[in-house]
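Trainee: As input, take start-v7.txt (compact mmCIF, C-alpha atoms):
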```txt
# COMPACT_ATOMS: atom_id res chain seq x y z
CA MET S 156 -1.62 -30.79 -15.69
CA THR S 157 -1.28 -31.50 -11.97
CA GLU S 158 -4.13 -31.27 -9.47
CA GLN S 159 -2.51 -28.18 -7.95
CA GLN S 160 -2.24 -26.50 -11.37
CA ASN S 161 -5.90 -27.26 -12.03
CA MET S 162 -6.86 -25.70 -8.70
CA ILE S 163 -4.83 -22.55 -9.44
CA LEU S 164 -6.50 -22.22 -12.86
CA GLU S 165 -9.98 -22.68 -11.39
CA ASN S 166 -9.33 -20.07 -8.69
CA LYS S 167 -7.74 -17.54 -11.07
CA ILE S 168 -10.78 -15.29 -11.10
CA THR S 169 -8.74 -12.32 -12.33
CA GLU S 170 -8.34 -14.13 -15.68
CA GLN S 171 -11.97 -15.15 -16.10
CA SER S 172 -14.02 -13.64 -18.93
CA SER S 173 -15.71 -10.29 -18.31
CA GLU S 174 -19.40 -10.27 -17.50
CA PHE S 175 -19.78 -7.75 -20.34
CA ASP S 176 -19.26 -8.36 -24.05
CA ASP S 177 -19.19 -6.38 -27.31
CA LEU S 178 -17.60 -3.48 -25.46
CA GLU S 179 -16.68 -1.79 -28.73
CA LEU S 180 -20.39 -1.53 -29.59
CA MET S 181 -21.30 0.27 -26.36
CA SER S 182 -21.66 4.05 -26.21
CA SER S 183 -19.27 6.05 -24.03
CA GLU S 184 -22.07 6.58 -21.52
CA GLU S 185 -22.81 2.85 -21.38
CA LEU S 186 -19.13 2.07 -20.89
CA LEU S 187 -18.76 4.57 -18.06
CA TYR S 188 -21.83 3.37 -16.18
CA ALA S 189 -20.80 -0.26 -16.64
CA ILE S 190 -17.25 0.36 -15.36
CA ASN S 191 -18.68 2.26 -12.40
CA SER S 192 -21.06 -0.59 -11.58
CA GLU S 193 -18.12 -2.99 -11.54
CA ASP S 194 -16.03 -0.64 -9.38
CA ALA S 195 -18.83 -0.63 -6.81
CA LYS S 196 -18.04 -4.29 -6.12
CA VAL S 197 -14.56 -3.39 -4.88
CA HIS S 198 -15.81 -1.77 -1.67
CA THR S 199 -17.68 -4.93 -0.69
CA ALA S 200 -14.71 -7.17 -1.43
CA VAL S 201 -12.33 -5.01 0.60
CA HIS S 202 -14.82 -4.85 3.48
CA LYS S 203 -14.86 -8.66 3.65
CA ALA S 204 -11.06 -8.67 3.91
CA ILE S 205 -10.84 -6.28 6.89
CA PRO S 206 -10.25 -9.08 9.44
CA GLN S 207 -7.24 -10.22 7.39
CA ILE S 208 -5.96 -6.64 7.08
CA GLU S 209 -6.37 -6.07 10.83
CA THR S 210 -4.40 -9.21 11.66
CA LEU S 211 -1.46 -8.12 9.50
CA VAL S 212 -1.54 -4.56 10.85
CA SER S 213 -1.50 -5.82 14.44
CA LYS S 214 1.50 -8.05 13.74
CA ILE S 215 3.43 -5.23 12.05
CA LEU S 216 2.75 -2.91 14.99
CA GLU S 217 4.50 -5.43 17.24
CA HIS S 218 7.67 -4.96 15.16
CA ILE S 219 7.71 -1.19 14.60
CA PRO S 220 8.83 -0.20 18.15
CA PHE S 221 11.94 -2.33 17.62
CA GLY S 222 12.94 -0.63 14.36
CA GLY S 223 10.89 -2.82 12.07
CA ARG S 224 10.41 -1.70 8.49
CA VAL S 225 7.85 -2.67 5.83
CA PHE S 226 8.83 -3.74 2.32
CA TYR S 227 6.32 -4.02 -0.53
CA LEU S 228 7.16 -6.39 -3.40
CA GLY S 229 5.29 -6.21 -6.70
CA ALA S 230 5.47 -6.27 -10.48
CA GLY S 231 3.63 -4.17 -13.06
CA THR S 232 0.57 -2.37 -11.70
CA SER S 233 0.93 -4.05 -8.30
CA GLY S 234 4.54 -2.95 -8.00
CA ARG S 235 3.72 0.61 -9.01
CA LEU S 236 0.98 0.79 -6.38
CA GLY S 237 3.40 -0.38 -3.69
CA VAL S 238 6.01 2.18 -4.69
CA LEU S 239 3.31 4.88 -4.79
CA ASP S 240 2.06 4.09 -1.29
CA ALA S 241 5.57 3.98 0.17
CA SER S 242 6.59 7.25 -1.53
CA GLU S 243 3.55 9.14 -0.21
CA LEU S 244 4.19 8.36 3.46
CA PRO S 245 7.22 10.63 4.11
CA PRO S 246 5.54 13.88 2.98
CA THR S 247 2.20 12.94 4.53
CA PHE S 248 3.36 11.64 7.89
CA GLY S 249 6.97 12.82 8.18
CA VAL S 250 8.25 9.26 8.37
CA SER S 251 11.75 8.40 7.10
CA PRO S 252 11.78 7.16 3.48
CA GLY S 253 13.45 3.96 4.66
CA ILE S 254 10.64 2.86 6.98
CA VAL S 255 8.25 1.74 4.24
CA VAL S 256 9.95 0.75 0.98
CA GLY S 257 8.38 -0.24 -2.32
CA LEU S 258 10.30 -2.59 -4.65
CA ILE S 259 9.14 -3.28 -8.19
CA ALA S 260 10.41 -6.00 -10.52
CA GLY S 261 12.65 -4.30 -13.06
CA GLY S 262 13.53 -1.38 -10.79
CA ASP S 263 12.65 2.27 -11.31
CA THR S 264 12.56 1.83 -15.08
CA ALA S 265 9.50 -0.39 -14.64
CA LEU S 266 7.58 2.47 -13.04
CA ARG S 267 7.13 4.04 -16.48
CA ARG S 268 7.36 1.16 -18.91
CA ALA S 269 7.25 -2.63 -18.83
CA VAL S 270 10.55 -4.44 -18.28
CA GLU S 271 10.28 -7.78 -20.06
CA ALA S 272 10.65 -10.92 -17.95
CA ALA S 273 11.63 -8.92 -14.84
CA GLU S 274 8.90 -10.59 -12.81
CA ASP S 275 9.91 -14.14 -13.76
CA ASP S 276 12.99 -14.48 -11.51
CA PRO S 277 11.90 -15.90 -8.11
CA ALA S 278 15.31 -15.20 -6.53
CA LYS S 279 15.59 -11.55 -7.57
CA ALA S 280 13.47 -9.98 -4.81
CA TRP S 281 15.45 -11.51 -1.96
CA ARG S 282 18.72 -10.32 -3.52
CA GLU S 283 17.25 -6.81 -3.63
CA LEU S 284 15.96 -7.03 -0.06
CA LYS S 285 19.41 -8.02 1.20
CA ASP S 286 20.75 -4.73 -0.19
CA PHE S 287 18.62 -3.04 2.50
CA GLY S 288 20.10 -5.09 5.33
CA ILE S 289 16.79 -6.92 5.76
CA ASN S 290 16.40 -8.55 9.18
CA ASP S 291 13.86 -10.38 11.34
CA ARG S 292 12.36 -7.13 12.66
CA ASP S 293 11.13 -6.29 9.16
CA THR S 294 7.94 -7.20 7.29
CA VAL S 295 7.65 -8.20 3.64
CA ILE S 296 4.30 -7.80 1.87
CA GLY S 297 3.89 -9.28 -1.59
CA ILE S 298 1.41 -7.58 -3.93
CA ALA S 299 0.12 -9.51 -6.95
CA ALA S 300 -3.41 -9.51 -8.32
CA SER S 301 -3.01 -13.00 -9.75
CA GLY S 302 -1.07 -14.35 -6.78
CA THR S 303 1.23 -16.19 -9.19
CA THR S 304 4.07 -13.72 -9.90
CA PRO S 305 7.42 -15.53 -9.38
CA TYR S 306 9.32 -12.37 -8.29
CA VAL S 307 6.77 -11.74 -5.54
CA ILE S 308 6.25 -15.34 -4.44
CA GLY S 309 9.99 -15.99 -4.31
CA GLY S 310 10.62 -12.88 -2.23
CA VAL S 311 7.88 -13.72 0.26
CA LYS S 312 9.02 -17.35 0.55
CA ASP S 313 12.63 -16.33 1.17
CA ALA S 314 11.61 -13.70 3.70
CA ARG S 315 9.47 -16.16 5.62
CA ALA S 316 12.23 -18.79 5.52
CA HIS S 317 14.56 -16.25 7.15
CA GLY S 318 12.11 -15.60 9.98
CA LEU S 319 10.54 -12.35 8.75
CA LEU S 320 6.88 -11.43 9.14
CA THR S 321 5.20 -11.87 5.76
CA GLY S 322 1.88 -10.83 4.25
CA CYS S 323 0.39 -10.40 0.81
CA ILE S 324 -2.39 -8.68 -1.10
CA THR S 325 -3.94 -10.71 -3.90
CA CYS S 326 -7.25 -10.90 -5.74
CA ASN S 327 -7.43 -14.64 -6.34
CA PRO S 328 -8.38 -17.12 -3.60
CA LYS S 329 -6.00 -19.93 -2.59
CA SER S 330 -3.17 -18.63 -4.76
CA PRO S 331 0.50 -19.69 -4.48
CA LEU S 332 1.28 -16.24 -3.05
CA ALA S 333 -1.37 -16.56 -0.33
CA GLU S 334 0.04 -19.96 0.52
CA ALA S 335 3.57 -18.54 0.74
CA ALA S 336 2.63 -15.64 3.06
CA GLU S 337 2.01 -16.05 6.77
CA HIS S 338 -0.80 -13.47 6.75
CA PRO S 339 -2.52 -13.29 3.35
CA ILE S 340 -5.08 -10.66 2.39
CA GLU S 341 -7.39 -11.96 -0.34
CA VAL S 342 -9.67 -9.36 -1.96
CA VAL S 343 -11.74 -11.20 -4.54
CA VAL S 344 -13.28 -8.57 -6.80
CA GLY S 345 -14.37 -10.90 -9.61
CA PRO S 346 -13.58 -10.80 -13.35
CA GLU S 347 -12.37 -7.51 -14.77
CA PHE S 348 -14.51 -5.32 -17.05
CA VAL S 349 -11.89 -5.80 -19.75
CA THR S 350 -10.94 -9.45 -19.36
CA GLY S 351 -7.65 -9.84 -17.49
CA SER S 352 -7.01 -6.10 -17.11
CA THR S 353 -6.09 -6.12 -13.42
CA ARG S 354 -5.18 -2.43 -13.49
CA MET S 355 -8.92 -1.94 -13.03
CA LYS S 356 -10.85 -3.54 -10.12
CA ALA S 357 -7.92 -5.51 -8.77
CA GLY S 358 -5.67 -2.44 -8.88
CA THR S 359 -8.33 -0.33 -7.15
CA ALA S 360 -8.71 -2.97 -4.44
CA GLN S 361 -4.96 -3.15 -3.88
CA LYS S 362 -4.73 0.63 -3.63
CA MET S 363 -7.55 0.70 -1.07
CA VAL S 364 -5.92 -2.00 1.06
CA LEU S 365 -2.54 -0.27 0.93
CA ASN S 366 -4.15 3.03 1.99
CA MET S 367 -5.91 1.32 4.89
CA LEU S 368 -2.86 -0.62 6.00
CA SER S 369 -0.26 2.15 5.87
CA THR S 370 -2.56 4.89 7.21
CA THR S 371 -3.54 2.73 10.18
CA LEU S 372 0.14 1.98 10.86
CA MET S 373 0.97 5.69 10.78
CA ILE S 374 -1.91 6.65 13.09
CA LYS S 375 -1.10 3.91 15.59
CA SER S 376 2.55 4.97 15.48
CA GLY S 377 1.61 8.45 16.75
CA ARG S 378 1.89 10.39 13.50
CA VAL S 379 -1.64 11.83 13.60
CA LYS S 380 -3.18 14.07 16.28
CA GLY S 381 -6.99 14.12 16.36
CA ASN S 382 -7.49 13.91 12.61
CA LYS S 383 -4.54 16.12 11.61
CA MET S 384 -1.29 15.23 9.83
CA ILE S 385 0.88 16.97 12.41
CA ASN S 386 4.09 15.34 11.11
CA MET S 387 3.62 16.25 7.44
CA GLN S 388 6.54 17.77 5.56
CA LEU S 389 6.06 21.42 4.58
CA THR S 390 7.04 20.99 0.96
CA ASN S 391 4.79 23.62 -0.65
CA ASN S 392 2.65 26.67 0.13
CA LYS S 393 -0.54 24.62 0.41
CA LEU S 394 0.97 22.51 3.18
CA VAL S 395 2.37 25.57 4.97
CA ASP S 396 -1.14 27.07 4.94
CA ARG S 397 -2.60 23.81 6.24
CA GLY S 398 0.02 23.61 8.98
CA THR S 399 -0.66 27.19 10.01
CA ARG S 400 -4.38 26.45 10.37
CA MET S 401 -3.62 23.37 12.47
CA ILE S 402 -1.54 25.42 14.89
CA MET S 403 -4.21 28.12 15.06
CA GLU S 404 -6.86 25.53 15.92
CA GLU S 405 -4.73 23.86 18.60
CA THR S 406 -3.29 26.98 20.23
CA GLY S 407 -5.62 29.91 19.59
CA LEU S 408 -2.77 31.91 18.00
CA THR S 409 -3.42 34.41 15.25
CA GLU S 410 -2.52 33.47 11.70
CA ASP S 411 0.67 35.55 11.74
CA GLN S 412 1.74 34.10 15.11
CA ALA S 413 1.01 30.54 14.01
CA LEU S 414 2.89 30.98 10.74
CA ALA S 415 5.91 32.43 12.51
CA LEU S 416 5.98 29.54 14.96
CA LEU S 417 5.60 27.02 12.13
CA LEU S 418 8.46 28.52 10.14
CA LYS S 419 10.61 28.53 13.26
CA HIS S 420 10.22 24.79 13.78
CA SER S 421 9.29 23.58 10.27
CA SER S 422 7.02 21.17 12.13
CA VAL S 423 3.41 21.44 13.26
CA LYS S 424 4.04 18.95 16.06
CA GLU S 425 7.07 20.78 17.45
CA ALA S 426 5.32 24.15 17.23
CA ILE S 427 2.38 22.87 19.27
CA GLN S 428 4.73 21.19 21.74
CA GLU S 429 6.50 24.50 22.37
CA MET S 430 3.23 26.21 23.17
CA ARG S 431 2.21 23.39 25.51
CA ALA S 432 5.58 23.49 27.25
CA LYS S 433 4.92 27.16 27.96
CA ASN S 434 1.37 26.31 29.11
CA LEU S 435 0.00 28.64 26.46
CA CYS S 436 -2.50 26.20 24.97
```
For the structure just supplied, provide its representation as structure tokens.
Mentor:
Amino acid sequence: MTEQQNMILENKITEQSSEFDDLELMSSEELLYAINSEDAKVHTAVHKAIPQIETLVSKILEHIPFGGRVFYLGAGTSGRLGVLDASELPPTFGVSPGIVVGLIAGGDTALRRAVEAAEDDPAKAWRELKDFGINDRDTVIGIAASGTTPYVIGGVKDARAHGLLTGCITCNPKSPLAEAAEHPIEVVVGPEFVTGSTRMKAGTAQKMVLNMLSTTLMIKSGRVKGNKMINMQLTNNKLVDRGTRMIMEETGLTEDQALALLLKHSSVKEAIQEMRAKNLC
């Protein structure tokens, strides 16, 4: 085993043995409290990584005005979390589905069930990225709890070699993925409650970082007013009601007037802009 392989093994905290044992002998209450105590460590780990997250966000914001997009690369749980985050942004912030894109090893099939060996091809991600017309205005963010997934590492390496901005989210320090990315985010949450089950603390940490990263990008891109999602898509009655209340708060209109204006524009932002143009709010 090489010195580098030894270092990777030593730093692979996500594979270290759980601090708890004889789980099958614990009561349901004991299990729940123990899992919760471990989850509490995630907040602290993410907090420590905020300077790394802020650096990556700032760099991405330099690219967005020029048509830059963000691509998430992941496999298994990490890939599903990337796809989830990307898919939630259009309805929440009214952004085009092509602005933030989640790619998972094995394709859409892997969202529901494991696709064997899909993550082992280091050249696959770049081939998929090229299908999107990837260019040097775009950003590629690799997501891998272990930091050793070939599909993710290969995609990030290729993206960086072609002059793209690259980042990553991993839960092991000094991993090959962190080395491959220009702006790594390392959230070290410690061993999992069930040894090696990175769908737990590592997955929670990745989800938190993705929420922070994408939400900050959307806010700084002008897709939130005050604390309101003024660009959200009106895809159900709940969101129509929410949009109506937003317009009422901003304009002083009655509920019926606000609803009528919202249905006219199908956009909270455009409805408020009309009222402002008429100097009515």
Trainee: Taking into account only C-alpha atoms, which residue in the set S:Val342, S:Val270, S:Leu408, S:Leu368 is nearest to Leu211 in chain S?
Mentor: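 The answer is S:Leu368, which sits nearest to Leu211 in chain S.
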Trainee: Between S:Glu271, S:Glu209, S:Glu425, S:Asp263, which one has atoms that come closest to Gly322 in chain S, using all atoms listed in the file?
Mentor: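 Looking at the shortest contact to Gly322 in chain S, the residue is S:Glu209.
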Trainee: So that each row is one residue of range 185-230 of chain S with an atom at most 12 Å from range 343-359 of chain S, can you give its shortest atom pair and the distance in Å to one decimal, using all atoms listed in the file, rows by chain and rising number, as a tab-separated table?
Mentor:
```
residue	atom	partner	partner_atom	distance
S:Leu186	CA	S:Phe348	CA	9.5
S:Leu187	CA	S:Phe348	CA	10.8
S:Tyr188	CA	S:Phe348	CA	11.4
S:Ala189	CA	S:Phe348	CA	8.1
S:Ile190	CA	S:Phe348	CA	6.5
S:Asn191	CA	S:Phe348	CA	9.8
S:Ser192	CA	S:Phe348	CA	9.8
S:Glu193	CA	S:Phe348	CA	7.0
S:Asp194	CA	S:Lys356	CA	6.0
S:Ala195	CA	S:Lys356	CA	9.1
S:Lys196	CA	S:Val344	CA	6.4
S:Val197	CA	S:Val344	CA	5.7
S:His198	CA	S:Val344	CA	8.9
S:Thr199	CA	S:Val344	CA	8.4
S:Ala200	CA	S:Val344	CA	5.7
S:Val201	CA	S:Val343	CA	8.1
S:His202	CA	S:Val343	CA	10.7
S:Lys203	CA	S:Val343	CA	9.1
S:Ala204	CA	S:Val343	CA	8.8
S:Gly229	CA	S:Gly358	CA	11.8
S:Ala230	CA	S:Arg354	CA	11.7
```
Trainee: Could you turn the residues from that selection into a file that holds C-alpha atoms, as a tab-separated table (two decimals), keeping the file's coordinate frame?
Mentor:
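Wrote selection16.tsv, looks like this:
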```tsv
chain	number	residue	atom	x	y	z
S	186	LEU	CA	-19.13	2.07	-20.89
S	187	LEU	CA	-18.76	4.57	-18.06
S	188	TYR	CA	-21.83	3.37	-16.18
S	189	ALA	CA	-20.80	-0.26	-16.64
S	190	ILE	CA	-17.25	0.36	-15.36
S	191	ASN	CA	-18.68	2.26	-12.40
S	192	SER	CA	-21.06	-0.59	-11.58
S	193	GLU	CA	-18.12	-2.99	-11.54
S	194	ASP	CA	-16.03	-0.64	-9.38
S	195	ALA	CA	-18.83	-0.63	-6.81
S	196	LYS	CA	-18.04	-4.29	-6.12
S	197	VAL	CA	-14.56	-3.39	-4.88
S	198	HIS	CA	-15.81	-1.77	-1.67
S	199	THR	CA	-17.68	-4.93	-0.69
S	200	ALA	CA	-14.71	-7.17	-1.43
S	201	VAL	CA	-12.33	-5.01	0.60
S	202	HIS	CA	-14.82	-4.85	3.48
S	203	LYS	CA	-14.86	-8.66	3.65
S	204	ALA	CA	-11.06	-8.67	3.91
S	229	GLY	CA	5.29	-6.21	-6.70
S	230	ALA	CA	5.47	-6.27	-10.48
```
Trainee: Extract, using all atoms listed in the file, all DNA, RNA and protein residues at most 12 Å from Ile219 in chain S, discarding same-chain residues fewer than 6 positions from it, and format them as a PyMOL selection string.
Mentor: chain S and resi 212-213+225+254-255+291-294+320+372-373+375-377
Trainee: Please indicate the distance in Å from CA of Leu266 in chain S to CA of Ala241 in chain S, rounded to one decimal place.
Mentor: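 CA of Leu266 in chain S sits 13.4 Å away from CA of Ala241 in chain S.
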Trainee: Suppose you want the space between CA of Thr390 in chain S and CA of Lys424 in chain S; what is it in Å?
Mentor: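 It comes out at 15.5 Å.
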Trainee: So that I can check the surroundings of Val379 in chain S, please list as a list in words every protein, DNA and RNA residue that reaches within 12 Å of it, counting only C-alpha atoms and ignoring chain neighbours fewer than 2 positions away.
Mentor: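 The contact residues come out as Thr247, Phe248, Gly249, Val250, Thr370, Thr371, Leu372, Met373, Ile374, Lys375, Ser376, Gly377, Gly381, Asn382, Lys383, Met384, Ile385, Asn386, Met387, Met401, Val423 and Lys424 of chain S.
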Trainee: One number please: CA of Leu244 in chain S to CA of Val364 in chain S, in Å, one decimal.
Mentor: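 A separation of 14.7 Å between them.
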Trainee: Which residue gives the smallest distance to Thr232 in chain S among S:Ile298, S:Ala415, S:Met403, S:Cys326, with only C-alpha atoms counted?
Mentor: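 Answer, going by the shortest atom-to-atom distance: S:Ile298.
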Trainee: Can you list, as a PyMOL selection string, every protein, DNA or RNA residue that comes within 12 Å of Gln428 in chain S when you count all atoms listed in the file, leaving out same-chain residues fewer than 5 positions away?
Mentor: chain S and resi 380+385+402+405-406+416-417+420+422-423+433-436
Trainee: Can you list, as a short mmCIF file (atom, residue, chain, number, x, y, z; two decimals) with C-alpha atoms, in the frame of the given file, every protein, DNA or RNA residue that comes within 8 Å of Gly257 in chain S when you count all atoms listed in the file, leaving out same-chain residues fewer than 6 positions away?
Mentor:
```
data_model
loop_
_atom_site.label_atom_id
_atom_site.label_comp_id
_atom_site.auth_asym_id
_atom_site.auth_seq_id
_atom_site.Cartn_x
_atom_site.Cartn_y
_atom_site.Cartn_z
CA PHE S 226 8.83 -3.74 2.32
CA TYR S 227 6.32 -4.02 -0.53
CA LEU S 228 7.16 -6.39 -3.40
CA GLY S 234 4.54 -2.95 -8.00
CA GLY S 237 3.40 -0.38 -3.69
CA VAL S 238 6.01 2.18 -4.69
CA LEU S 239 3.31 4.88 -4.79
CA ASP S 240 2.06 4.09 -1.29
CA ALA S 241 5.57 3.98 0.17
CA SER S 242 6.59 7.25 -1.53
#
```
Trainee: Restricting the calculation to all atoms listed in the file: of S:Cys323, S:Ala280, S:Val256, S:Ile208, which residue gets closest to Ala299 in chain S?
Mentor: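 Smallest separation from Ala299 in chain S among the options: S:Cys323.
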Trainee: With N, CA and C atoms as the goal, would you fill in the gaps in range 339-365 of chain S and present it as a PDB file, in the frame of the given file?
Mentor:
```
ATOM      1  N   PRO S 339      -2.010 -13.744   4.644  1.00  0.00           N
ATOM      2  CA  PRO S 339      -2.520 -13.290   3.350  1.00  0.00           C
ATOM      3  C   PRO S 339      -3.757 -12.420   3.470  1.00  0.00           C
ATOM      4  N   ILE S 340      -3.877 -11.476   2.547  1.00  0.00           N
ATOM      5  CA  ILE S 340      -5.080 -10.660   2.390  1.00  0.00           C
ATOM      6  C   ILE S 340      -5.616 -10.953   0.999  1.00  0.00           C
ATOM      7  N   GLU S 341      -6.802 -11.562   0.929  1.00  0.00           N
ATOM      8  CA  GLU S 341      -7.390 -11.960  -0.340  1.00  0.00           C
ATOM      9  C   GLU S 341      -8.639 -11.106  -0.604  1.00  0.00           C
ATOM     10  N   VAL S 342      -8.555 -10.250  -1.608  1.00  0.00           N
ATOM     11  CA  VAL S 342      -9.670  -9.360  -1.960  1.00  0.00           C
ATOM     12  C   VAL S 342     -10.192  -9.798  -3.326  1.00  0.00           C
ATOM     13  N   VAL S 343     -11.246 -10.594  -3.306  1.00  0.00           N
ATOM     14  CA  VAL S 343     -11.740 -11.200  -4.540  1.00  0.00           C
ATOM     15  C   VAL S 343     -12.802 -10.298  -5.159  1.00  0.00           C
ATOM     16  N   VAL S 344     -12.397  -9.571  -6.191  1.00  0.00           N
ATOM     17  CA  VAL S 344     -13.280  -8.570  -6.800  1.00  0.00           C
ATOM     18  C   VAL S 344     -14.021  -9.106  -8.022  1.00  0.00           C
ATOM     19  N   GLY S 345     -13.696 -10.315  -8.454  1.00  0.00           N
ATOM     20  CA  GLY S 345     -14.370 -10.900  -9.610  1.00  0.00           C
ATOM     21  C   GLY S 345     -13.658 -10.572 -10.915  1.00  0.00           C
ATOM     22  N   PRO S 346     -14.186 -11.057 -12.041  1.00  0.00           N
ATOM     23  CA  PRO S 346     -13.580 -10.800 -13.350  1.00  0.00           C
ATOM     24  C   PRO S 346     -13.530  -9.302 -13.655  1.00  0.00           C
ATOM     25  N   GLU S 347     -12.518  -8.919 -14.410  1.00  0.00           N
ATOM     26  CA  GLU S 347     -12.370  -7.510 -14.770  1.00  0.00           C
ATOM     27  C   GLU S 347     -13.328  -7.120 -15.899  1.00  0.00           C
ATOM     28  N   PHE S 348     -13.632  -5.828 -15.988  1.00  0.00           N
ATOM     29  CA  PHE S 348     -14.510  -5.320 -17.050  1.00  0.00           C
ATOM     30  C   PHE S 348     -13.920  -5.630 -18.411  1.00  0.00           C
ATOM     31  N   VAL S 349     -12.634  -5.350 -18.573  1.00  0.00           N
ATOM     32  CA  VAL S 349     -11.890  -5.800 -19.750  1.00  0.00           C
ATOM     33  C   VAL S 349     -11.136  -7.044 -19.293  1.00  0.00           C
ATOM     34  N   THR S 350     -11.443  -8.171 -19.858  1.00  0.00           N
ATOM     35  CA  THR S 350     -10.940  -9.450 -19.360  1.00  0.00           C
ATOM     36  C   THR S 350      -9.432  -9.420 -19.099  1.00  0.00           C
ATOM     37  N   GLY S 351      -9.056  -9.734 -17.863  1.00  0.00           N
ATOM     38  CA  GLY S 351      -7.650  -9.840 -17.490  1.00  0.00           C
ATOM     39  C   GLY S 351      -6.959  -8.532 -17.193  1.00  0.00           C
ATOM     40  N   SER S 352      -7.644  -7.399 -17.326  1.00  0.00           N
ATOM     41  CA  SER S 352      -7.010  -6.100 -17.110  1.00  0.00           C
ATOM     42  C   SER S 352      -7.032  -5.748 -15.622  1.00  0.00           C
ATOM     43  N   THR S 353      -6.082  -6.273 -14.877  1.00  0.00           N
ATOM     44  CA  THR S 353      -6.090  -6.120 -13.420  1.00  0.00           C
ATOM     45  C   THR S 353      -5.647  -4.733 -12.950  1.00  0.00           C
ATOM     46  N   ARG S 354      -5.391  -3.828 -13.872  1.00  0.00           N
ATOM     47  CA  ARG S 354      -5.180  -2.430 -13.490  1.00  0.00           C
ATOM     48  C   ARG S 354      -6.493  -1.776 -13.081  1.00  0.00           C
ATOM     49  N   MET S 355      -7.606  -2.496 -13.308  1.00  0.00           N
ATOM     50  CA  MET S 355      -8.920  -1.940 -13.030  1.00  0.00           C
ATOM     51  C   MET S 355      -9.382  -2.299 -11.623  1.00  0.00           C
ATOM     52  N   LYS S 356     -10.318  -3.244 -11.456  1.00  0.00           N
ATOM     53  CA  LYS S 356     -10.850  -3.540 -10.120  1.00  0.00           C
ATOM     54  C   LYS S 356      -9.786  -4.063  -9.171  1.00  0.00           C
ATOM     55  N   ALA S 357      -8.954  -4.956  -9.643  1.00  0.00           N
ATOM     56  CA  ALA S 357      -7.920  -5.510  -8.770  1.00  0.00           C
ATOM     57  C   ALA S 357      -6.965  -4.407  -8.307  1.00  0.00           C
ATOM     58  N   GLY S 358      -6.562  -3.540  -9.242  1.00  0.00           N
ATOM     59  CA  GLY S 358      -5.670  -2.440  -8.880  1.00  0.00           C
ATOM     60  C   GLY S 358      -6.313  -1.489  -7.883  1.00  0.00           C
ATOM     61  N   THR S 359      -7.602  -1.200  -8.087  1.00  0.00           N
ATOM     62  CA  THR S 359      -8.330  -0.330  -7.150  1.00  0.00           C
ATOM     63  C   THR S 359      -8.387  -0.965  -5.774  1.00  0.00           C
ATOM     64  N   ALA S 360      -8.651  -2.262  -5.716  1.00  0.00           N
ATOM     65  CA  ALA S 360      -8.710  -2.970  -4.440  1.00  0.00           C
ATOM     66  C   ALA S 360      -7.367  -2.945  -3.730  1.00  0.00           C
ATOM     67  N   GLN S 361      -6.296  -3.171  -4.476  1.00  0.00           N
ATOM     68  CA  GLN S 361      -4.960  -3.150  -3.880  1.00  0.00           C
ATOM     69  C   GLN S 361      -4.626  -1.770  -3.337  1.00  0.00           C
ATOM     70  N   LYS S 362      -4.975  -0.743  -4.084  1.00  0.00           N
ATOM     71  CA  LYS S 362      -4.730   0.630  -3.630  1.00  0.00           C
ATOM     72  C   LYS S 362      -5.498   0.919  -2.348  1.00  0.00           C
ATOM     73  N   MET S 363      -6.744   0.482  -2.280  1.00  0.00           N
ATOM     74  CA  MET S 363      -7.550   0.700  -1.070  1.00  0.00           C
ATOM     75  C   MET S 363      -6.934  -0.008   0.130  1.00  0.00           C
ATOM     76  N   VAL S 364      -6.513  -1.253  -0.054  1.00  0.00           N
ATOM     77  CA  VAL S 364      -5.920  -2.000   1.060  1.00  0.00           C
ATOM     78  C   VAL S 364      -4.618  -1.351   1.513  1.00  0.00           C
ATOM     79  N   LEU S 365      -3.794  -0.933   0.572  1.00  0.00           N
ATOM     80  CA  LEU S 365      -2.540  -0.270   0.930  1.00  0.00           C
ATOM     81  C   LEU S 365      -2.805   1.018   1.700  1.00  0.00           C
TER      82      LEU S 365
END
```
